[in-house]
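Novice: Can you keep this structure in mind? I'll have questions shortly.
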Amino acid sequence: MKKLGIGFFLGFLIAGILCMLFDMTSWMGFIVDSLAFGAVFVYGSTGEILTEKAGHLNLGVPGIMCMGGAGGCYVINEAVKSGASPMMIVILGILGALVASMLCGLLYSFITVTLRGNQNVTGLALTIFGVGLSKVIMSLSTVSSELYLGANDGPKMFFRWPFDQPLTFTQLTRFGVMFFLAIAIAMAAGWVLFRTRVGLNLRAVGENPATADAAGINVTRYKYLATCIGSGISGLGGLYYIMDYMQSPEAYKTIEALGWMSVALVIFALWRPPLTIVGSAVFGILFSCSDFISHLEWIQTNMITKYLLQMLPYAVTILVLIITSIKGKKENQPPASLGLSYFREER
Amino acid sequence: MEKELALQMRGITKRFGPVVANHNVDLDVYRGEILAILGENGCGKTTLMNMISGIYYPDEGQIIIGGKEAVIRSPKDAFAHGIGMIHQHFKLVDLFTAAENIVLGLNEKERYSLKSVNSKVAQITERYGFRLDPAKKIYDMSVSEKQTVEIIKVLYREADILILDEPTAVLTPQEITRLFEVLRRMRDDGKSIIIITHKLNEVLEVSDRVTILRRGEHIATVNTADTCEAELTEMMVGKKVSLNIDRTMPVNPVPRLEVKGLNLYNREGIHVLKDITFTANSGEILGIAGIAGSGQRELLEAIYGLQPAESGTILFNDPKKGQPVSLDRTSLLQLKKLAADGALQDADMNPVSFKNMDSKTIRKQVENGNVLYREDEVVNLREKTPLQIRQMGINLSFVPEDRLGMGLIGNMNITDNMMLRSYRSGRAGFLNRRNPKTQAEQIIKELEVATTGTTIPVRRLSGGNVQKVLVGREIACAPKVLMAAYPVRGLDINSSYTIYNLLNRQKEDGVAVIFVGEDLDVLLELCDRIMVINSGAVTGIVDARSATKEEIGLLMTKTEERKEAAQ
């Protein structure tokens, strides 16, 4: 599985270099664009996997991603106003997104871990709350669209750095710093989960918290940390989408749907962070293929086929769910105590 | 040889609310010995051990380890003192390998790598003669392998005092022999081993000393070599306590339920019921005694139709010959069918035919008592679901041991819980709520259920009141057979007596009552006959009026000779 992840990482690099070296065909452009788009899902589902591995089904991911985007944009806006250096703007933006989304994660863990509230209800409420609040924040901060269009050095770095000036000639500029960050985070999360003591303990918490507790693991702390860090990672996806992929201040309005896709992608990735890279590429392609196909001259499309094509990623998720359920391999099932609150004295 | 003290308990007392689980218990454990702790169910063995392993904290008394007083507040503290407990219900993550489970939660300094764990585990298995593949997943393992993982987990943490809670309950005879070999090797290595058990032969076979607990108190500690089975049984069950339950002689009992050669395998493929044969008579309380988990639950569920039995018959026998037909239980349509089958007769033994009679005349005939049953009804209940059984007009009642899990729905109110039995009776898809409500009110009044009304969720009632609601509902449907599993578990004395009286009243009404109990005193006072089962097989059916506690205790703990081991 790790090999697969590395393989795809190399695949991405090769694809990128190919795109750099050869003239872009519309096909290549489409695939590269889909990959860049897929990075949103990598953030969203890697974060959700960490949370689910602690036994918490966080349906607040769409709201958290909105909040991450809004928080990041707000900080960038302030930083630009105060004239921070380009490098600082990028770092502050990422920190802003992390803080905003981790606060949401903290709220979620307080309700579900400490108060043992229902996880589904809490998550859904958090989504509604996050989507709404992000709209308020985005409308409050009077962000000029210039900021996104790369007139300012800082935001430009989101989608240009580190290939800023010398490499402006290809589509590789689509891959900004946060794209590589997404892949690094997914690989790192996979390594932590399956190769370290911390990961072993975290998986035990999600599988069987009573056993983990008896083994001396602080269940509450693991649940809090996994949920908050997971939320932070998900939130970065929102920032990436607004600042890097769409580069538009209006983009926050379409994040929610991507959040739901990220939750679905967790199932597709079989709860393995490196597989989210693969899954995101597939989802990215499926998600944007309806637009691409409708632009092809040799295929007749109308409104109905467009909507049918938009259905593809969800249909594939259902398919994956059916296949993994039939095959029934225990390693590919959700963590055993997913969605259940843990209370030591209940026996 | 003077032995070194490993652990001492002095004056340990533990209460759960008003219940005293352990009272002023003293215990000494030496290095290099196997100490058995013996006692009936609920005598406080496990509670006592849980205090050493950090699950509970004692209310009074002290625990001394290696000469110093130790405070054990969590399993982590227990590990720090070199104490490891192997619970009856294994605490393992199914999805992990043996090695991953063994290092779970450890904070070793060296870098985490499964290779070094595997080699360390291999060292331990070699030293004590275990057989284990560290890379095997838990879900692929047999019960005995899982137990091995638990033991190695404790040894890996360098525990010197090992506590095993009922380690042999789930093992086959061969596995038990192997476990005992390992235990002896660990003892010779200088470790202290405490095993909790109620099997006398195992105590005699493996232990060096025996401590007997009864009703939470320390009765005696004896050297195994100086004692015998009879002496241990006597100390374990104690003297008979008189309870004054009003017990009448059964009035003309007839066989109501005949179980013959019943075999049942559970989902894991374990042979839970072995060739069970018995008869439950009407107007009689049949007690079932046995160590918890000997198959009592499975037996009742098999009769009720919840678990499919492998082989055998469950005959339900309802003698109706010569009794008047009643319209309360049978519909007009059913009556016509019965008559067509020739099942009805008049007072002069002539078959009754309803042909050419209008409904009004039939009704009158029946109400005047002119129509009698001609045949007895004998039905095999095996391979029938509870619904099929009920549709055949056979009323079995079942009070399961898991009240709020199987018996009632905690979040629903009393009326709705009554409807769990009658929800089918409404017209055209609508529920009939009026009858269940009257029924609920009647039960509250008659059984003195302490509640504010019929609309409060059942889970908010106290344990005794929950049980009254459940038993009340099961009795209200006028059963022919009433099965109750541990109906007084967790109830105070008063509620218990209410339940005993309810069972007695059913018995007087001619119901065959099957009562699974754990308190031998109660069984002896309440029942007419007692069937003792031991690991799924009937070891004896005794007359409760003449039997003694010791007799039953021996039947409960007697294990079959290890025939299977020899084979």
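Ordered as shown in the structure tokens, chains take letters A, B, and onward, while each chain numbers its residues from 1 and ligands are numbered from 1 in the order shown.
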Excluding region 327-336 of chain A and its own-chain neighbours fewer than 2 positions away, which residues fall within 7 Å of it when counting only C-alpha atoms? Please give them as a PyMOL selection string.

Specialist: (chain A and resi 53+55+206-208+270+323-325+338) or (chain B and resi 95)

Novice: Mind dumping the selected residues with N, CA and C atoms as a compact mmCIF listing (two decimals), in the first residue's frame?

Specialist:
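Written output follows (again-v7.txt):
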```txt
# COMPACT_ATOMS: atom_id res chain seq x y z
N LYS A 53 -10.37 7.32 12.36
CA LYS A 53 -9.52 6.30 12.98
C LYS A 53 -9.60 6.40 14.50
N GLY A 55 -12.41 6.83 15.86
CA GLY A 55 -13.77 6.39 16.15
C GLY A 55 -14.82 7.49 16.07
N GLY A 206 -9.84 3.73 17.93
CA GLY A 206 -10.99 3.69 17.02
C GLY A 206 -11.60 2.31 16.91
N GLU A 207 -10.78 1.28 17.10
CA GLU A 207 -11.30 -0.08 16.97
C GLU A 207 -12.02 -0.51 18.24
N ASN A 208 -11.37 -0.30 19.37
CA ASN A 208 -11.88 -0.84 20.63
C ASN A 208 -11.39 0.03 21.78
N LEU A 270 -10.55 3.42 1.56
CA LEU A 270 -10.45 2.33 2.53
C LEU A 270 -9.71 2.74 3.79
N ILE A 323 -18.46 -3.24 -3.33
CA ILE A 323 -17.38 -4.22 -3.53
C ILE A 323 -16.69 -4.53 -2.21
N THR A 324 -16.36 -3.50 -1.43
CA THR A 324 -15.65 -3.77 -0.17
C THR A 324 -16.54 -4.52 0.80
N SER A 325 -17.85 -4.25 0.76
CA SER A 325 -18.74 -4.94 1.68
C SER A 325 -18.87 -6.41 1.30
N LEU A 338 -16.63 3.13 15.20
CA LEU A 338 -16.93 4.40 14.56
C LEU A 338 -18.34 4.84 14.90
N LEU B 95 -8.53 -6.50 14.91
CA LEU B 95 -7.93 -6.23 13.62
C LEU B 95 -6.42 -6.27 13.67
```

Novice: Just want the 8 Å neighbourhood of region 361-375 of chain B, counted on only C-alpha atoms, with same-chain residues fewer than 6 positions away dropped. Output as a list of chain:residue names.

Specialist: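 Using only C-alpha atoms, the neighbours found are B:Lys320, B:Lys321, B:Gly322, B:Gln323, B:Pro324, B:Val325, B:Ser326, B:Leu327, B:Leu332, B:Gly342, B:Ala343, B:Leu344, B:Gln345, B:Asp346, B:Ala347, B:Met349, B:Pro351, B:Val352, B:Phe354.
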
Novice: Pick out the chain B residues within 10 Å of chain A. Count only C-alpha atoms. Give them as a PyMOL selection string.

Specialist: chain B and resi 54-55+74-77+79+90-96+100-108+111-114+139+153

Novice: For region 290-296 of chain A, find every residue with an atom within 7 Å (counting only C-alpha atoms), except residues of its own chain fewer than 6 positions away, and show them as a ChimeraX atom specification.

Specialist: /A:306,309-310

Novice: Keeping only all heavy atoms, take the residues you just selected and write them out as a PDB file, in the first residue's frame.

Specialist:
```pdb
ATOM      1  N   LYS A 306     -25.080  15.924 -19.073  1.00  0.00           N
ATOM      2  CA  LYS A 306     -24.170  16.652 -18.191  1.00  0.00           C
ATOM      3  C   LYS A 306     -24.439  16.297 -16.730  1.00  0.00           C
ATOM      4  O   LYS A 306     -23.521  15.968 -15.973  1.00  0.00           O
ATOM      5  CB  LYS A 306     -24.347  18.155 -18.403  1.00  0.00           C
ATOM      6  CG  LYS A 306     -23.268  18.950 -17.710  1.00  0.00           C
ATOM      7  CD  LYS A 306     -23.506  20.433 -17.795  1.00  0.00           C
ATOM      8  CE  LYS A 306     -22.564  21.122 -16.831  1.00  0.00           C
ATOM      9  NZ  LYS A 306     -22.922  22.502 -16.595  1.00  0.00           N
ATOM     10  N   LEU A 309     -23.424  12.787 -15.989  1.00  0.00           N
ATOM     11  CA  LEU A 309     -21.978  12.661 -15.829  1.00  0.00           C
ATOM     12  C   LEU A 309     -21.523  13.189 -14.471  1.00  0.00           C
ATOM     13  O   LEU A 309     -20.614  12.640 -13.854  1.00  0.00           O
ATOM     14  CB  LEU A 309     -21.247  13.416 -16.945  1.00  0.00           C
ATOM     15  CG  LEU A 309     -21.295  12.731 -18.309  1.00  0.00           C
ATOM     16  CD1 LEU A 309     -20.793  13.663 -19.389  1.00  0.00           C
ATOM     17  CD2 LEU A 309     -20.466  11.458 -18.288  1.00  0.00           C
ATOM     18  N   GLN A 310     -22.195  14.232 -14.004  1.00  0.00           N
ATOM     19  CA  GLN A 310     -21.825  14.780 -12.689  1.00  0.00           C
ATOM     20  C   GLN A 310     -22.079  13.784 -11.563  1.00  0.00           C
ATOM     21  O   GLN A 310     -21.548  13.900 -10.475  1.00  0.00           O
ATOM     22  CB  GLN A 310     -22.609  16.066 -12.420  1.00  0.00           C
ATOM     23  CG  GLN A 310     -21.960  17.265 -13.073  1.00  0.00           C
ATOM     24  CD  GLN A 310     -22.766  18.531 -12.870  1.00  0.00           C
ATOM     25  OE1 GLN A 310     -23.842  18.494 -12.278  1.00  0.00           O
ATOM     26  NE2 GLN A 310     -22.245  19.634 -13.355  1.00  0.00           N
TER      27      GLN A 310
END
```

Novice: What's around Thr548 (chain B) at 12 Å? Count only C-alpha atoms, leave out sequence neighbours fewer than 3 positions away in its own chain, and write the answer as a PyMOL selection string.

Specialist: chain B and resi 233-234+237-241+520-521+523-525+530+542-545+551-555

Novice: Report the closest atom pair, with its distance in Å rounded to one decimal, for each residue of region 239-342 of chain A that has an atom no farther than 8 Å from region 115-137 of chain A; count only C-alpha atoms, sort by chain and then rising residue number, and write it as JSON lines.

Specialist:
```
{"residue": "A:Tyr252", "atom": "CA", "partner": "A:Lys135", "partner_atom": "CA", "distance": 7.6}
{"residue": "A:Lys253", "atom": "CA", "partner": "A:Lys135", "partner_atom": "CA", "distance": 7.7}
{"residue": "A:Glu256", "atom": "CA", "partner": "A:Val131", "partner_atom": "CA", "distance": 7.1}
{"residue": "A:Gly339", "atom": "CA", "partner": "A:Gln119", "partner_atom": "CA", "distance": 6.2}
{"residue": "A:Leu340", "atom": "CA", "partner": "A:Gln119", "partner_atom": "CA", "distance": 7.9}
{"residue": "A:Ser341", "atom": "CA", "partner": "A:Arg116", "partner_atom": "CA", "distance": 5.7}
{"residue": "A:Tyr342", "atom": "CA", "partner": "A:Arg116", "partner_atom": "CA", "distance": 7.6}
```

Novice: Keeping only N, CA and C atoms, take the residues you just selected and write them out as a CSV table (one decimal), in the first residue's frame.

Specialist:
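Output file selection-v4.csv follows:
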```
chain,number,residue,atom,x,y,z
A,252,TYR,N,-15.8,30.4,-2.2
A,252,TYR,CA,-16.2,29.8,-1.0
A,252,TYR,C,-17.6,29.2,-1.0
A,253,LYS,N,-18.4,29.7,-2.0
A,253,LYS,CA,-19.8,29.3,-2.1
A,253,LYS,C,-19.9,27.8,-2.5
A,256,GLU,N,-18.9,23.5,0.0
A,256,GLU,CA,-19.6,22.5,0.7
A,256,GLU,C,-19.8,21.2,0.0
A,339,GLY,N,-18.5,6.1,15.4
A,339,GLY,CA,-19.8,6.6,15.7
A,339,GLY,C,-20.3,6.3,17.1
A,340,LEU,N,-19.5,5.5,17.9
A,340,LEU,CA,-20.0,5.2,19.2
A,340,LEU,C,-19.2,6.1,20.2
A,341,SER,N,-19.9,6.5,21.2
A,341,SER,CA,-19.3,7.3,22.3
A,341,SER,C,-18.7,6.3,23.3
A,342,TYR,N,-17.5,6.6,23.9
A,342,TYR,CA,-16.9,5.7,24.8
A,342,TYR,C,-17.1,6.3,26.2
```

Novice: So that I can check the surroundings of Val259 (chain B), please list as a PDB file with C-alpha atoms, in the first residue's frame every protein, DNA and RNA residue that reaches within 6 Å of it, counting only C-alpha atoms and ignoring chain neighbours fewer than 2 positions away.

Specialist:
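And here's selection-v9.pdb as it stands now:
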```pdb
ATOM      1  CA  THR B 277     -33.596 -34.018  28.180  1.00  0.00           C
ATOM      2  CA  PHE B 278     -36.141 -32.941  30.756  1.00  0.00           C
ATOM      3  CA  THR B 313     -37.353 -32.266  20.052  1.00  0.00           C
ATOM      4  CA  ILE B 314     -39.181 -29.700  22.113  1.00  0.00           C
TER       5      ILE B 314
END
```

Novice: Select from region 151-363 of chain B everything DSSP, run on the backbone, classes as alpha helix (DSSP H), then give the selection as a ChimeraX atom specification.

Specialist: /B:151-156,173-188,200-206,229-237,296-304,332-340,359-363

Novice: Report as number ranges by chain all protein, DNA and RNA residues lying within 9 Å of Asn413 (chain B), evaluated on only C-alpha atoms, omitting residues in the same chain fewer than 5 positions from it.

Specialist: B: 418, 454-459

Novice: Have a look at B:Arg131, B:Lys137, B:Lys480, B:His271 and name the one nearest to Arg178 (chain B); count only C-alpha atoms.

Specialist: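 For Arg178 (chain B), the nearest of the given residues is B:Arg131.
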
Novice: Taking the backbone alone, and naming residues the way the document does, which bits of region 419-526 of chain B are strand (DSSP E or B) by DSSP, as a list in words?

Specialist: Pro457, Val481, Leu482, Met483, Ala484, Ala485, Ala512, Val513, Ile514, Phe515 and Val516 of chain B

Novice: Please produce an output containing N, CA, C and O atoms for each residue in the selection, written as an mmCIF file, in the first residue's frame.

Specialist:
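The resulting out_24.cif:
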```cif
data_model
loop_
_atom_site.group_PDB
_atom_site.id
_atom_site.type_symbol
_atom_site.label_atom_id
_atom_site.label_comp_id
_atom_site.auth_asym_id
_atom_site.auth_seq_id
_atom_site.Cartn_x
_atom_site.Cartn_y
_atom_site.Cartn_z
ATOM 1 N N PRO B 457 -40.459 6.866 30.259
ATOM 2 C CA PRO B 457 -39.623 5.847 29.612
ATOM 3 C C PRO B 457 -39.177 4.796 30.625
ATOM 4 O O PRO B 457 -38.836 5.135 31.770
ATOM 5 N N VAL B 481 -46.404 -21.683 29.539
ATOM 6 C CA VAL B 481 -45.065 -21.923 30.064
ATOM 7 C C VAL B 481 -44.446 -20.559 30.330
ATOM 8 O O VAL B 481 -44.484 -19.679 29.462
ATOM 9 N N LEU B 482 -43.918 -20.374 31.528
ATOM 10 C CA LEU B 482 -43.277 -19.105 31.853
ATOM 11 C C LEU B 482 -41.809 -19.387 32.139
ATOM 12 O O LEU B 482 -41.477 -20.154 33.039
ATOM 13 N N MET B 483 -40.932 -18.789 31.320
ATOM 14 C CA MET B 483 -39.506 -18.995 31.529
ATOM 15 C C MET B 483 -38.895 -17.703 32.044
ATOM 16 O O MET B 483 -39.095 -16.641 31.455
ATOM 17 N N ALA B 484 -38.181 -17.783 33.134
ATOM 18 C CA ALA B 484 -37.587 -16.572 33.694
ATOM 19 C C ALA B 484 -36.110 -16.831 33.951
ATOM 20 O O ALA B 484 -35.742 -17.770 34.652
ATOM 21 N N ALA B 485 -35.253 -16.007 33.347
ATOM 22 C CA ALA B 485 -33.814 -16.149 33.551
ATOM 23 C C ALA B 485 -33.351 -15.082 34.530
ATOM 24 O O ALA B 485 -33.503 -13.896 34.259
ATOM 25 N N ALA B 512 -46.563 -23.981 33.729
ATOM 26 C CA ALA B 512 -45.258 -24.611 33.944
ATOM 27 C C ALA B 512 -44.225 -23.502 34.014
ATOM 28 O O ALA B 512 -44.034 -22.771 33.051
ATOM 29 N N VAL B 513 -43.602 -23.360 35.190
ATOM 30 C CA VAL B 513 -42.652 -22.265 35.361
ATOM 31 C C VAL B 513 -41.238 -22.832 35.315
ATOM 32 O O VAL B 513 -40.940 -23.823 35.963
ATOM 33 N N ILE B 514 -40.394 -22.220 34.505
ATOM 34 C CA ILE B 514 -38.981 -22.601 34.476
ATOM 35 C C ILE B 514 -38.192 -21.415 35.007
ATOM 36 O O ILE B 514 -38.303 -20.302 34.481
ATOM 37 N N PHE B 515 -37.454 -21.637 36.078
ATOM 38 C CA PHE B 515 -36.811 -20.530 36.777
ATOM 39 C C PHE B 515 -35.298 -20.766 36.796
ATOM 40 O O PHE B 515 -34.818 -21.722 37.387
ATOM 41 N N VAL B 516 -34.565 -19.907 36.112
ATOM 42 C CA VAL B 516 -33.111 -20.008 36.151
ATOM 43 C C VAL B 516 -32.624 -19.079 37.247
ATOM 44 O O VAL B 516 -32.905 -17.871 37.221
#
```
